[in-house]
file entry-v4.cif (mmCIF, C-alpha atoms and all ligand atoms)
data_model
loop_
_atom_site.group_PDB
_atom_site.id
_atom_site.type_symbol
_atom_site.label_atom_id
_atom_site.label_comp_id
_atom_site.auth_asym_id
_atom_site.auth_seq_id
_atom_site.Cartn_x
_atom_site.Cartn_y
_atom_site.Cartn_z
ATOM 1 C CA MET A 510 168.624 55.993 66.673
ATOM 2 C CA GLN A 511 167.395 52.581 65.557
ATOM 3 C CA SER A 512 166.691 53.481 61.932
ATOM 4 C CA PHE A 513 166.915 56.490 59.613
ATOM 5 C CA LYS A 514 164.218 55.204 57.260
ATOM 6 C CA ASP A 515 161.450 57.788 56.742
ATOM 7 C CA LYS A 516 162.797 60.027 59.490
ATOM 8 C CA VAL A 517 162.644 63.766 58.825
ATOM 9 C CA ALA A 518 166.115 65.293 59.127
ATOM 10 C CA VAL A 519 166.535 69.057 59.404
ATOM 11 C CA ILE A 520 169.979 70.382 58.466
ATOM 12 C CA THR A 521 171.118 74.011 58.597
ATOM 13 C CA GLY A 522 174.078 75.228 56.555
ATOM 14 C CA ALA A 523 173.324 72.513 53.991
ATOM 15 C CA GLY A 524 174.526 74.557 51.022
ATOM 16 C CA SER A 525 178.168 73.512 51.404
ATOM 17 C CA GLY A 526 180.710 71.298 53.157
ATOM 18 C CA ILE A 527 179.625 69.072 56.023
ATOM 19 C CA GLY A 528 175.956 70.135 55.741
ATOM 20 C CA ARG A 529 175.730 69.145 52.080
ATOM 21 C CA GLU A 530 177.351 65.756 52.772
ATOM 22 C CA LEU A 531 174.995 65.162 55.699
ATOM 23 C CA ALA A 532 172.068 65.858 53.366
ATOM 24 C CA LEU A 533 173.291 63.422 50.718
ATOM 25 C CA GLN A 534 174.161 60.635 53.151
ATOM 26 C CA LEU A 535 171.029 60.938 55.309
ATOM 27 C CA SER A 536 168.949 60.916 52.149
ATOM 28 C CA ALA A 537 170.756 57.758 51.011
ATOM 29 C CA ARG A 538 169.840 56.188 54.366
ATOM 30 C CA GLY A 539 166.141 56.886 53.760
ATOM 31 C CA CYS A 540 165.580 60.227 55.520
ATOM 32 C CA ARG A 541 163.273 62.895 54.155
ATOM 33 C CA LEU A 542 165.087 66.202 54.327
ATOM 34 C CA ALA A 543 164.405 69.786 55.299
ATOM 35 C CA ILE A 544 167.528 71.746 54.421
ATOM 36 C CA ALA A 545 168.337 75.399 55.028
ATOM 37 C CA ASP A 546 171.108 77.847 54.236
ATOM 38 C CA TYR A 547 171.374 81.569 53.655
ATOM 39 C CA ASN A 548 173.389 80.896 50.508
ATOM 40 C CA LYS A 549 170.544 80.157 48.056
ATOM 41 C CA LYS A 550 172.874 79.034 45.268
ATOM 42 C CA GLY A 551 174.631 76.391 47.377
ATOM 43 C CA LEU A 552 171.344 75.265 48.895
ATOM 44 C CA THR A 553 169.630 74.820 45.525
ATOM 45 C CA GLU A 554 172.615 72.799 44.335
ATOM 46 C CA THR A 555 172.387 70.502 47.380
ATOM 47 C CA ALA A 556 168.641 70.031 46.763
ATOM 48 C CA ARG A 557 169.405 69.201 43.119
ATOM 49 C CA LEU A 558 172.051 66.635 44.115
ATOM 50 C CA VAL A 559 169.655 65.015 46.603
ATOM 51 C CA LYS A 560 166.923 64.820 43.977
ATOM 52 C CA GLN A 561 169.369 63.461 41.391
ATOM 53 C CA SER A 562 170.242 60.611 43.751
ATOM 54 C CA GLY A 563 166.553 59.762 44.238
ATOM 55 C CA GLY A 564 165.868 61.614 47.513
ATOM 56 C CA ALA A 565 163.449 64.329 48.564
ATOM 57 C CA ALA A 566 164.397 67.643 50.139
ATOM 58 C CA MET A 567 162.332 70.681 50.964
ATOM 59 C CA HIS A 568 164.683 73.635 51.025
ATOM 60 C CA ALA A 569 164.386 77.096 52.503
ATOM 61 C CA ALA A 570 166.610 80.162 52.415
ATOM 62 C CA VAL A 571 167.009 80.709 56.150
ATOM 63 C CA ASN A 572 169.412 82.900 58.063
ATOM 64 C CA VAL A 573 169.921 80.964 61.306
ATOM 65 C CA ALA A 574 170.794 84.199 63.104
ATOM 66 C CA ASP A 575 167.201 85.401 62.626
ATOM 67 C CA LEU A 576 164.734 83.900 65.126
ATOM 68 C CA LYS A 577 161.684 84.731 62.998
ATOM 69 C CA GLN A 578 163.141 82.886 59.997
ATOM 70 C CA VAL A 579 164.112 79.807 62.037
ATOM 71 C CA SER A 580 160.711 79.763 63.714
ATOM 72 C CA LYS A 581 158.902 79.940 60.366
ATOM 73 C CA PHE A 582 161.176 77.233 58.975
ATOM 74 C CA ALA A 583 160.214 74.934 61.883
ATOM 75 C CA ARG A 584 156.499 75.547 61.267
ATOM 76 C CA ASP A 585 156.963 74.987 57.508
ATOM 77 C CA VAL A 586 158.751 71.680 58.119
ATOM 78 C CA ILE A 587 155.835 70.480 60.259
ATOM 79 C CA LYS A 588 153.313 71.700 57.650
ATOM 80 C CA LYS A 589 155.170 69.775 54.954
ATOM 81 C CA TYR A 590 156.040 66.548 56.763
ATOM 82 C CA GLY A 591 153.982 66.564 59.972
ATOM 83 C CA GLN A 592 157.073 65.686 62.017
ATOM 84 C CA ALA A 593 160.769 66.399 62.653
ATOM 85 C CA ASP A 594 163.002 63.663 64.028
ATOM 86 C CA ILE A 595 166.598 64.875 63.685
ATOM 87 C CA VAL A 596 167.808 68.474 63.890
ATOM 88 C CA ILE A 597 171.412 69.185 62.968
ATOM 89 C CA ASN A 598 172.466 72.722 63.820
ATOM 90 C CA ASN A 599 175.404 72.851 61.467
ATOM 91 C CA ALA A 600 175.510 76.360 59.921
ATOM 92 C CA GLY A 601 178.636 78.195 61.041
ATOM 93 C CA VAL A 602 181.272 80.752 60.123
ATOM 94 C CA THR A 603 184.702 81.766 61.338
ATOM 95 C CA LEU A 604 186.338 85.084 62.133
ATOM 96 C CA PHE A 605 190.075 85.550 61.846
ATOM 97 C CA GLY A 606 192.176 88.119 63.707
ATOM 98 C CA LYS A 607 193.046 89.306 67.199
ATOM 99 C CA LEU A 608 190.520 90.331 69.802
ATOM 100 C CA ASP A 609 192.038 93.803 70.241
ATOM 101 C CA ASN A 610 191.528 94.462 66.529
ATOM 102 C CA PHE A 611 188.092 92.855 66.141
ATOM 103 C CA SER A 612 185.176 95.199 65.611
ATOM 104 C CA TYR A 613 182.233 94.589 67.921
ATOM 105 C CA LYS A 614 180.088 94.249 64.813
ATOM 106 C CA ASP A 615 182.151 91.247 63.667
ATOM 107 C CA ILE A 616 182.034 89.594 67.086
ATOM 108 C CA LYS A 617 178.252 90.026 67.085
ATOM 109 C CA TRP A 618 178.073 88.616 63.550
ATOM 110 C CA ILE A 619 179.794 85.341 64.475
ATOM 111 C CA THR A 620 177.966 85.034 67.808
ATOM 112 C CA ASP A 621 174.583 85.516 66.153
ATOM 113 C CA ILE A 622 175.274 82.697 63.698
ATOM 114 C CA ASN A 623 177.378 80.175 65.635
ATOM 115 C CA PHE A 624 175.725 80.510 69.040
ATOM 116 C CA TRP A 625 172.259 82.049 68.614
ATOM 117 C CA GLY A 626 171.679 79.983 65.455
ATOM 118 C CA VAL A 627 172.144 76.833 67.549
ATOM 119 C CA VAL A 628 169.921 78.168 70.346
ATOM 120 C CA TYR A 629 167.131 78.999 67.870
ATOM 121 C CA GLY A 630 167.419 75.686 66.019
ATOM 122 C CA SER A 631 167.388 73.661 69.259
ATOM 123 C CA LYS A 632 164.520 75.589 70.860
ATOM 124 C CA GLU A 633 162.211 76.078 67.872
ATOM 125 C CA PHE A 634 162.226 72.393 66.922
ATOM 126 C CA MET A 635 162.192 70.966 70.451
ATOM 127 C CA PRO A 636 158.374 70.833 70.915
ATOM 128 C CA TYR A 637 158.080 68.769 67.719
ATOM 129 C CA LEU A 638 161.009 66.499 68.600
ATOM 130 C CA LYS A 639 159.398 65.789 71.984
ATOM 131 C CA GLU A 640 156.392 64.281 70.190
ATOM 132 C CA ARG A 641 158.508 61.674 68.410
ATOM 133 C CA PRO A 642 159.229 58.143 69.670
ATOM 134 C CA GLU A 643 162.949 58.747 69.066
ATOM 135 C CA ALA A 644 164.651 61.975 68.092
ATOM 136 C CA ALA A 645 168.020 63.716 68.017
ATOM 137 C CA ILE A 646 169.470 67.182 68.409
ATOM 138 C CA VAL A 647 172.964 67.374 66.949
ATOM 139 C CA ASN A 648 174.919 70.565 67.516
ATOM 140 C CA ILE A 649 178.142 71.216 65.645
ATOM 141 C CA SER A 650 180.800 72.667 67.923
ATOM 142 C CA SER A 651 184.468 72.196 66.975
ATOM 143 C CA ALA A 652 187.789 70.873 68.263
ATOM 144 C CA PHE A 653 188.112 74.598 69.000
ATOM 145 C CA GLY A 654 185.205 74.108 71.412
ATOM 146 C CA LEU A 655 187.680 72.061 73.501
ATOM 147 C CA ILE A 656 190.748 74.320 73.436
ATOM 148 C CA GLY A 657 191.387 78.033 73.055
ATOM 149 C CA VAL A 658 193.359 79.074 69.978
ATOM 150 C CA PRO A 659 195.023 82.399 69.143
ATOM 151 C CA SER A 660 193.454 84.297 66.202
ATOM 152 C CA GLN A 661 190.200 82.424 66.864
ATOM 153 C CA THR A 662 189.002 84.002 70.121
ATOM 154 C CA ALA A 663 185.479 84.748 68.933
ATOM 155 C CA TYR A 664 185.122 81.421 67.086
ATOM 156 C CA CYS A 665 186.351 79.464 70.135
ATOM 157 C CA ALA A 666 184.016 81.433 72.399
ATOM 158 C CA THR A 667 181.000 80.508 70.261
ATOM 159 C CA LYS A 668 182.042 76.864 69.992
ATOM 160 C CA PHE A 669 182.678 76.545 73.759
ATOM 161 C CA ALA A 670 179.216 78.076 74.188
ATOM 162 C CA VAL A 671 177.663 75.495 71.852
ATOM 163 C CA ARG A 672 179.301 72.756 73.889
ATOM 164 C CA GLY A 673 178.039 74.216 77.191
ATOM 165 C CA LEU A 674 174.537 74.585 75.817
ATOM 166 C CA THR A 675 174.514 71.083 74.341
ATOM 167 C CA GLU A 676 175.945 69.269 77.365
ATOM 168 C CA SER A 677 173.485 71.042 79.695
ATOM 169 C CA LEU A 678 170.551 70.432 77.363
ATOM 170 C CA ARG A 679 171.374 66.713 77.257
ATOM 171 C CA ARG A 680 170.940 66.509 80.996
ATOM 172 C CA GLU A 681 167.695 68.483 80.860
ATOM 173 C CA LEU A 682 166.323 66.073 78.253
ATOM 174 C CA LYS A 683 167.513 62.849 79.883
ATOM 175 C CA SER A 684 163.977 61.642 80.620
ATOM 176 C CA THR A 685 162.820 62.263 77.020
ATOM 177 C CA ALA A 686 163.406 60.295 73.815
ATOM 178 C CA ILE A 687 165.637 63.044 72.414
ATOM 179 C CA ALA A 688 169.328 62.103 72.188
ATOM 180 C CA VAL A 689 171.618 65.133 72.266
ATOM 181 C CA SER A 690 175.021 65.013 70.563
ATOM 182 C CA CYS A 691 177.812 67.571 70.507
ATOM 183 C CA VAL A 692 180.132 67.294 67.495
ATOM 184 C CA HIS A 693 183.779 68.374 67.607
ATOM 185 C CA PRO A 694 185.339 68.243 64.151
ATOM 186 C CA GLY A 695 189.050 68.830 63.631
ATOM 187 C CA GLY A 696 190.153 70.274 60.287
ATOM 188 C CA ILE A 697 187.645 69.324 57.566
ATOM 189 C CA LYS A 698 188.233 70.202 53.895
ATOM 190 C CA THR A 699 185.305 72.560 53.266
ATOM 191 C CA ASN A 700 184.739 76.182 52.314
ATOM 192 C CA ILE A 701 184.883 77.412 55.918
ATOM 193 C CA ALA A 702 188.252 79.160 55.528
ATOM 194 C CA ARG A 703 187.260 80.679 52.153
ATOM 195 C CA ASN A 704 184.085 82.020 53.796
ATOM 196 C CA ALA A 705 185.994 83.422 56.804
ATOM 197 C CA ARG A 706 185.666 87.069 57.743
ATOM 198 C CA PHE A 707 188.879 88.954 58.575
ATOM 199 C CA SER A 708 188.617 91.666 61.194
ATOM 200 C CA GLY A 709 191.507 94.113 61.708
ATOM 201 C CA ASN A 710 194.359 95.230 59.465
ATOM 202 C CA PHE A 711 195.288 92.523 57.002
ATOM 203 C CA SER A 712 197.102 92.531 53.674
ATOM 204 C CA LYS A 713 194.926 91.903 50.622
ATOM 205 C CA ASP A 714 196.287 88.402 50.134
ATOM 206 C CA ALA A 715 195.849 87.330 53.794
ATOM 207 C CA PRO A 716 192.447 85.597 53.276
ATOM 208 C CA ASP A 717 193.793 83.542 50.361
ATOM 209 C CA LYS A 718 196.965 82.601 52.291
ATOM 210 C CA PHE A 719 194.847 81.577 55.303
ATOM 211 C CA ALA A 720 192.528 79.478 53.144
ATOM 212 C CA ARG A 721 195.416 77.752 51.372
ATOM 213 C CA ARG A 722 197.164 76.954 54.634
ATOM 214 C CA PHE A 723 193.906 75.599 56.073
ATOM 215 C CA GLU A 724 193.294 73.436 53.005
ATOM 216 C CA LYS A 725 196.785 71.926 53.461
ATOM 217 C CA VAL A 726 196.305 70.981 57.115
ATOM 218 C CA ALA A 727 192.627 69.952 57.060
ATOM 219 C CA GLY A 728 192.983 66.176 57.034
ATOM 220 C CA THR A 729 189.387 64.923 56.808
ATOM 221 C CA THR A 730 186.929 65.114 53.936
ATOM 222 C CA ALA A 731 183.409 66.475 54.414
ATOM 223 C CA ALA A 732 182.068 63.058 53.341
ATOM 224 C CA LYS A 733 184.019 61.289 56.114
ATOM 225 C CA ALA A 734 182.891 63.921 58.629
ATOM 226 C CA ALA A 735 179.234 63.389 57.685
ATOM 227 C CA GLU A 736 179.630 59.609 57.914
ATOM 228 C CA THR A 737 181.156 59.922 61.408
ATOM 229 C CA ILE A 738 178.297 62.191 62.528
ATOM 230 C CA ILE A 739 175.622 59.849 61.179
ATOM 231 C CA ASN A 740 177.251 56.822 62.840
ATOM 232 C CA GLY A 741 177.358 58.861 66.048
ATOM 233 C CA ILE A 742 173.631 59.657 65.781
ATOM 234 C CA ALA A 743 172.876 55.973 65.199
ATOM 235 C CA LYS A 744 174.783 55.092 68.390
ATOM 236 C CA LYS A 745 173.344 58.063 70.345
ATOM 237 C CA LYS A 746 176.894 59.211 71.010
ATOM 238 C CA LYS A 747 177.069 62.163 73.343
ATOM 239 C CA ARG A 748 180.383 63.490 72.058
ATOM 240 C CA ILE A 749 181.399 62.958 68.432
ATOM 241 C CA LEU A 750 185.067 63.687 67.666
ATOM 242 C CA ILE A 751 186.026 63.864 63.988
ATOM 243 C CA GLY A 752 189.571 63.227 62.764
ATOM 244 C CA GLY A 753 192.890 62.329 64.393
ATOM 245 C CA ASP A 754 193.548 66.015 65.119
ATOM 246 C CA ALA A 755 190.329 66.387 67.143
ATOM 247 C CA LYS A 756 191.110 63.176 69.050
ATOM 248 C CA LEU A 757 194.635 64.426 69.833
ATOM 249 C CA ILE A 758 193.293 67.803 70.980
ATOM 250 C CA ASP A 759 190.778 66.018 73.216
ATOM 251 C CA VAL A 760 193.533 63.944 74.880
ATOM 252 C CA VAL A 761 195.973 66.856 75.252
ATOM 253 C CA GLN A 762 193.258 69.020 76.777
ATOM 254 C CA ARG A 763 192.359 66.318 79.308
ATOM 255 C CA LEU A 764 196.001 65.701 80.284
ATOM 256 C CA PHE A 765 196.999 69.368 80.391
ATOM 257 C CA PRO A 766 193.814 71.357 80.992
ATOM 258 C CA VAL A 767 195.819 74.509 81.690
ATOM 259 C CA GLY A 768 199.162 73.901 79.968
ATOM 260 C CA TYR A 769 197.832 72.586 76.615
ATOM 261 C CA GLY A 770 198.620 75.903 74.916
ATOM 262 C CA ALA A 771 202.405 75.566 75.224
ATOM 263 C CA LEU A 772 202.232 71.959 74.027
ATOM 264 C CA MET A 773 200.082 72.867 70.991
ATOM 265 C CA ASP A 774 202.619 75.603 70.146
ATOM 266 C CA LEU A 775 205.344 72.942 70.029
ATOM 267 C CA LEU A 776 203.233 70.471 67.993
ATOM 268 C CA TYR A 777 202.125 73.018 65.399
ATOM 269 C CA LYS A 778 205.324 75.091 65.173
HETATM 270 N N1 LIG B 801 185.670 72.757 58.309
HETATM 271 C C1 LIG B 801 186.227 72.607 59.495
HETATM 272 O O1 LIG B 801 187.458 72.401 59.612
HETATM 273 C C2 LIG B 801 185.384 72.680 60.740
HETATM 274 C C3 LIG B 801 185.982 72.335 61.963
HETATM 275 C C4 LIG B 801 185.239 72.396 63.117
HETATM 276 C C5 LIG B 801 183.904 72.770 63.076
HETATM 277 N N2 LIG B 801 183.336 73.088 61.867
HETATM 278 C C6 LIG B 801 181.940 73.505 61.873
HETATM 279 O O2 LIG B 801 181.206 72.736 60.949
HETATM 280 C C7 LIG B 801 180.056 73.473 60.529
HETATM 281 C C8 LIG B 801 179.928 73.403 59.009
HETATM 282 O O3 LIG B 801 180.992 74.115 58.423
HETATM 283 P P1 LIG B 801 181.740 73.664 57.074
HETATM 284 O O4 LIG B 801 183.122 73.354 57.447
HETATM 285 O O5 LIG B 801 180.936 72.675 56.335
HETATM 286 O O6 LIG B 801 181.813 75.086 56.331
HETATM 287 P P2 LIG B 801 181.171 75.618 54.963
HETATM 288 O O7 LIG B 801 181.540 77.061 54.900
HETATM 289 O O8 LIG B 801 181.586 74.755 53.833
HETATM 290 O O9 LIG B 801 179.610 75.448 55.210
HETATM 291 C C9 LIG B 801 178.911 76.221 56.148
HETATM 292 C C10 LIG B 801 177.532 76.542 55.574
HETATM 293 O O10 LIG B 801 176.827 77.320 56.560
HETATM 294 C C11 LIG B 801 176.124 78.345 55.855
HETATM 295 N N3 LIG B 801 175.839 79.466 56.743
HETATM 296 C C12 LIG B 801 176.714 80.337 57.284
HETATM 297 N N4 LIG B 801 176.066 81.272 57.980
HETATM 298 C C13 LIG B 801 174.734 80.986 57.873
HETATM 299 C C14 LIG B 801 173.566 81.601 58.370
HETATM 300 N N5 LIG B 801 173.610 82.727 59.104
HETATM 301 N N6 LIG B 801 172.373 81.040 58.094
HETATM 302 C C15 LIG B 801 172.302 79.911 57.334
HETATM 303 N N7 LIG B 801 173.374 79.320 56.813
HETATM 304 C C16 LIG B 801 174.583 79.841 57.075
HETATM 305 C C17 LIG B 801 177.066 78.738 54.720
HETATM 306 O O11 LIG B 801 176.376 79.443 53.687
HETATM 307 C C18 LIG B 801 177.605 77.393 54.291
HETATM 308 O O12 LIG B 801 176.801 76.820 53.276
HETATM 309 C C19 LIG B 801 180.249 74.887 61.079
HETATM 310 O O13 LIG B 801 179.469 75.053 62.234
HETATM 311 C C20 LIG B 801 181.719 74.933 61.424
HETATM 312 O O14 LIG B 801 182.023 75.862 62.442
HETATM 313 C C21 LIG B 801 184.045 73.044 60.711
#

call {"tool": "encode", "arguments": {"input": "entry-v4.cif", "output": "structure tokens", "more": "lines below"}}
Ligand SMILES: NC(=O)c1ccc[n+]([C@@H]2O[C@H](COP(=O)([O-])OP(=O)(O)OC[C@H]3O[C@@H](n4cnc5c(N)ncnc54)[C@H](O)[C@@H]3O)[C@@H](O)[C@H]2O)c1
result
Amino acid sequence: MQSFKDKVAVITGAGSGIGRELALQLSARGCRLAIADYNKKGLTETARLVKQSGGAAMHAAVNVADLKQVSKFARDVIKKYGQADIVINNAGVTLFGKLDNFSYKDIKWITDINFWGVVYGSKEFMPYLKERPEAAIVNISSAFGLIGVPSQTAYCATKFAVRGLTESLRRELKSTAIAVSCVHPGGIKTNIARNARFSGNFSKDAPDKFARRFEKVAGTTAAKAAETIINGIAKKKKRILIGGDAKLIDVVQRLFPVGYGALMDLLYK
């Protein structure tokens, strides 16, 4: 993307973490924002921070798992700004536990948000993006969209799905002005672990232990992650890897596409 000035950037999951940092940094680069989250408190705070730093953000309480809400959000963005140039499908959650203990309800919950949310965001905004001289769809997968990880079966499944969708969509859109990026962050210090759902039999303190362990190993800040994504959009990068851990996972997966599991066990013992 040649310039961010006066572009309209749509960001889901902007009430926290990477989404909030994307909002602040894209605003600083001159974008007008349309931000969404189902957490109204976090979203309002992001809008306040954007305004405080001199930017403009329309904000809407949107559950990305609900097609009607995403569709209305897309129409509202066009009503407000007349255009949409960048769509970042960032909203996401994680589910901790083992597949044999997961309830189907929990698997559906994460799939509706992490996969269907990205489908809805990509599809509902696409007609408007096609009208623009240059545009971008940016879908947030994960380093866990490159490798399978125990205790994260459902999360990995959704993030592999986002990658499949995004890489296929890029080829479908190759004769348009829409650049399509798939983002694979490693561990980023955000609220994702604190917001995780646990499915199965866990002790009361398991969520806190999980979150604390995650916060210790997550090596990249949300601000750095947002900066890497924005630089990737500027360069129309197809695959955006964030952090040394994601880069290592990418290499290990390429070298040992089947045997990476045993190697990861050794590295992260
Ligand atoms: N933090 C990491 O280590 C990491 C690593 C790889 C990928 N990611 C991905 O990055 C994205 C952003 O996560 P984060 O780390 O900033 O986490 P976060 O929990 O800090 O932020 C996620 C935001 O998404 C919102 N959200 C969740 N479900 C929603 C829904 N149904 N509708 C609308 N909003 C919803 C939450 O309210 C929250 O504000 C996610 O897709 C996540 O899977 C994060």

call {"tool": "residues_near_ligand", "arguments": {"input": "entry-v4.cif", "ligand": "ligand LIG 801 (chain B)", "cutoff": "6 Å", "atoms": "only C-alpha atoms and all ligand atoms", "output": "short mmCIF file (atom, residue, chain, number, x, y, z; two decimals) with C-alpha atoms, in the coordinates of the input"}}
result
data_model
loop_
_atom_site.label_atom_id
_atom_site.label_comp_id
_atom_site.auth_asym_id
_atom_site.auth_seq_id
_atom_site.Cartn_x
_atom_site.Cartn_y
_atom_site.Cartn_z
CA GLY A 522 174.08 75.23 56.56
CA ALA A 523 173.32 72.51 53.99
CA GLY A 524 174.53 74.56 51.02
CA SER A 525 178.17 73.51 51.40
CA GLY A 526 180.71 71.30 53.16
CA ILE A 527 179.62 69.07 56.02
CA GLY A 528 175.96 70.14 55.74
CA ASP A 546 171.11 77.85 54.24
CA TYR A 547 171.37 81.57 53.66
CA ASN A 548 173.39 80.90 50.51
CA VAL A 571 167.01 80.71 56.15
CA ASN A 572 169.41 82.90 58.06
CA VAL A 573 169.92 80.96 61.31
CA ALA A 574 170.79 84.20 63.10
CA ASN A 599 175.40 72.85 61.47
CA ALA A 600 175.51 76.36 59.92
CA GLY A 601 178.64 78.19 61.04
CA VAL A 602 181.27 80.75 60.12
CA ILE A 622 175.27 82.70 63.70
CA ILE A 649 178.14 71.22 65.64
CA SER A 650 180.80 72.67 67.92
CA SER A 651 184.47 72.20 66.97
CA ALA A 652 187.79 70.87 68.26
CA PRO A 694 185.34 68.24 64.15
CA GLY A 695 189.05 68.83 63.63
CA GLY A 696 190.15 70.27 60.29
CA ILE A 697 187.64 69.32 57.57
CA LYS A 698 188.23 70.20 53.90
CA THR A 699 185.30 72.56 53.27
CA ASN A 700 184.74 76.18 52.31
CA ILE A 701 184.88 77.41 55.92
CA ASN A 704 184.08 82.02 53.80
#

call {"tool": "atom_distance", "arguments": {"input": "entry-v4.cif", "atom1": "CA of Ala743 (chain A)", "atom2": "CA of Ser512 (chain A)"}}
result
7.4 Å

call {"tool": "resolve_selection", "arguments": {"input": "entry-v4.cif", "expression": "the PyMOL selection byres (((chain A and resi 760) around 12) and not hetatm)", "output": "list in words"}}
result
Ala652, Leu655, Ile656, Leu750, Gly753, Asp754, Ala755, Lys756, Leu757, Ile758, Asp759, Val761, Gln762, Arg763, Leu764, Phe765, Pro766, Tyr769, Leu772 and Met773 of chain A

call {"tool": "closest_residue", "arguments": {"input": "entry-v4.cif", "among": "A:His568, A:Arg748, A:Lys614, A:Arg557", "to": "Ile520 (chain A)", "atoms": "only C-alpha atoms"}}
result
A:His568

call {"tool": "residues_around", "arguments": {"input": "entry-v4.cif", "residues": "Ala565 (chain A)", "least_positions_apart": "6", "cutoff": "12 Å", "atoms": "only C-alpha atoms", "output": "MDAnalysis selection string"}}
result
chainID A and resid 515:518 532:533 535:544 555:559 589:590

call {"tool": "resolve_selection", "arguments": {"input": "entry-v4.cif", "expression": "the PyMOL selection byres (((chain A and resi 639) around 10) and not hetatm)", "output": "MDAnalysis selection string"}}
result
chainID A and resid 593:594 634:638 640:645 682 685:687

call {"tool": "residues_around", "arguments": {"input": "entry-v4.cif", "residues": "Asp609 (chain A)", "least_positions_apart": "3", "cutoff": "10 Å", "atoms": "all atoms listed in the file", "output": "ChimeraX atom specification"}}
result
/A:606,612,708-709

call {"tool": "residues_around", "arguments": {"input": "entry-v4.cif", "residues": "Ala688 (chain A)", "least_positions_apart": "5", "cutoff": "10 Å", "atoms": "all atoms listed in the file", "output": "JSON, numbers by chain"}}
result
{"A": [510, 595, 643, 644, 645, 646, 647, 678, 679, 680, 682, 683, 742, 743, 744, 745, 746, 747]}

call {"tool": "resolve_selection", "arguments": {"input": "entry-v4.cif", "expression": "the PyMOL selection byres (((chain A and resi 666-672) around 8) and not hetatm)", "output": "list in words"}}
result
Ile619, Thr620, Asn623, Phe624, Val627, Asn648, Ile649, Ser650, Ser651, Phe653, Gly654, Leu655, Thr662, Ala663, Tyr664, Cys665, Gly673, Leu674, Thr675, Glu676 and Cys691 of chain A

call {"tool": "atom_distance", "arguments": {"input": "entry-v4.cif", "atom1": "CA of Ile738 (chain A)", "atom2": "CA of Asp585 (chain A)"}}
result
25.4 Å

call {"tool": "closest_residue", "arguments": {"input": "entry-v4.cif", "among": "A:Ala569, A:Val767, A:Val689, A:Gln534", "to": "Arg584 (chain A)", "atoms": "only C-alpha atoms"}}
result
A:Ala569

call {"tool": "atom_distance", "arguments": {"input": "entry-v4.cif", "atom1": "CA of Ala545 (chain A)", "atom2": "CA of Leu531 (chain A)"}}
result
12.2 Å

call {"tool": "residues_around", "arguments": {"input": "entry-v4.cif", "residues": "Pro716 (chain A)", "least_positions_apart": "5", "cutoff": "9 Å", "atoms": "all atoms listed in the file", "output": "PDB file with C-alpha atoms, in the frame of the given file"}}
result
ATOM      1  CA  PHE A 605     190.075  85.550  61.846  1.00  0.00           C
ATOM      2  CA  ALA A 702     188.252  79.160  55.528  1.00  0.00           C
ATOM      3  CA  ARG A 703     187.260  80.679  52.153  1.00  0.00           C
ATOM      4  CA  ALA A 705     185.994  83.422  56.804  1.00  0.00           C
ATOM      5  CA  ARG A 706     185.666  87.069  57.743  1.00  0.00           C
ATOM      6  CA  PHE A 707     188.879  88.954  58.575  1.00  0.00           C
ATOM      7  CA  PHE A 711     195.288  92.523  57.002  1.00  0.00           C
ATOM      8  CA  ARG A 721     195.416  77.752  51.372  1.00  0.00           C
TER       9      ARG A 721
END

call {"tool": "closest_residue", "arguments": {"input": "entry-v4.cif", "among": "A:Phe611, A:Lys577, A:Lys725, A:Thr521", "to": "Val596 (chain A)", "atoms": "all atoms listed in the file"}}
result
A:Thr521

call {"tool": "closest_residue", "arguments": {"input": "entry-v4.cif", "among": "A:Gly770, A:Gly741, A:Ala735, A:Asp714", "to": "Glu530 (chain A)", "atoms": "all atoms listed in the file"}}
result
A:Ala735

call {"tool": "residues_around", "arguments": {"input": "entry-v4.cif", "residues": "Tyr629 (chain A)", "least_positions_apart": "4", "cutoff": "8 Å", "atoms": "all atoms listed in the file", "output": "list in words"}}
result
Val573, Ala574, Leu576, Val579, Ser580, Trp625 and Glu633 of chain A
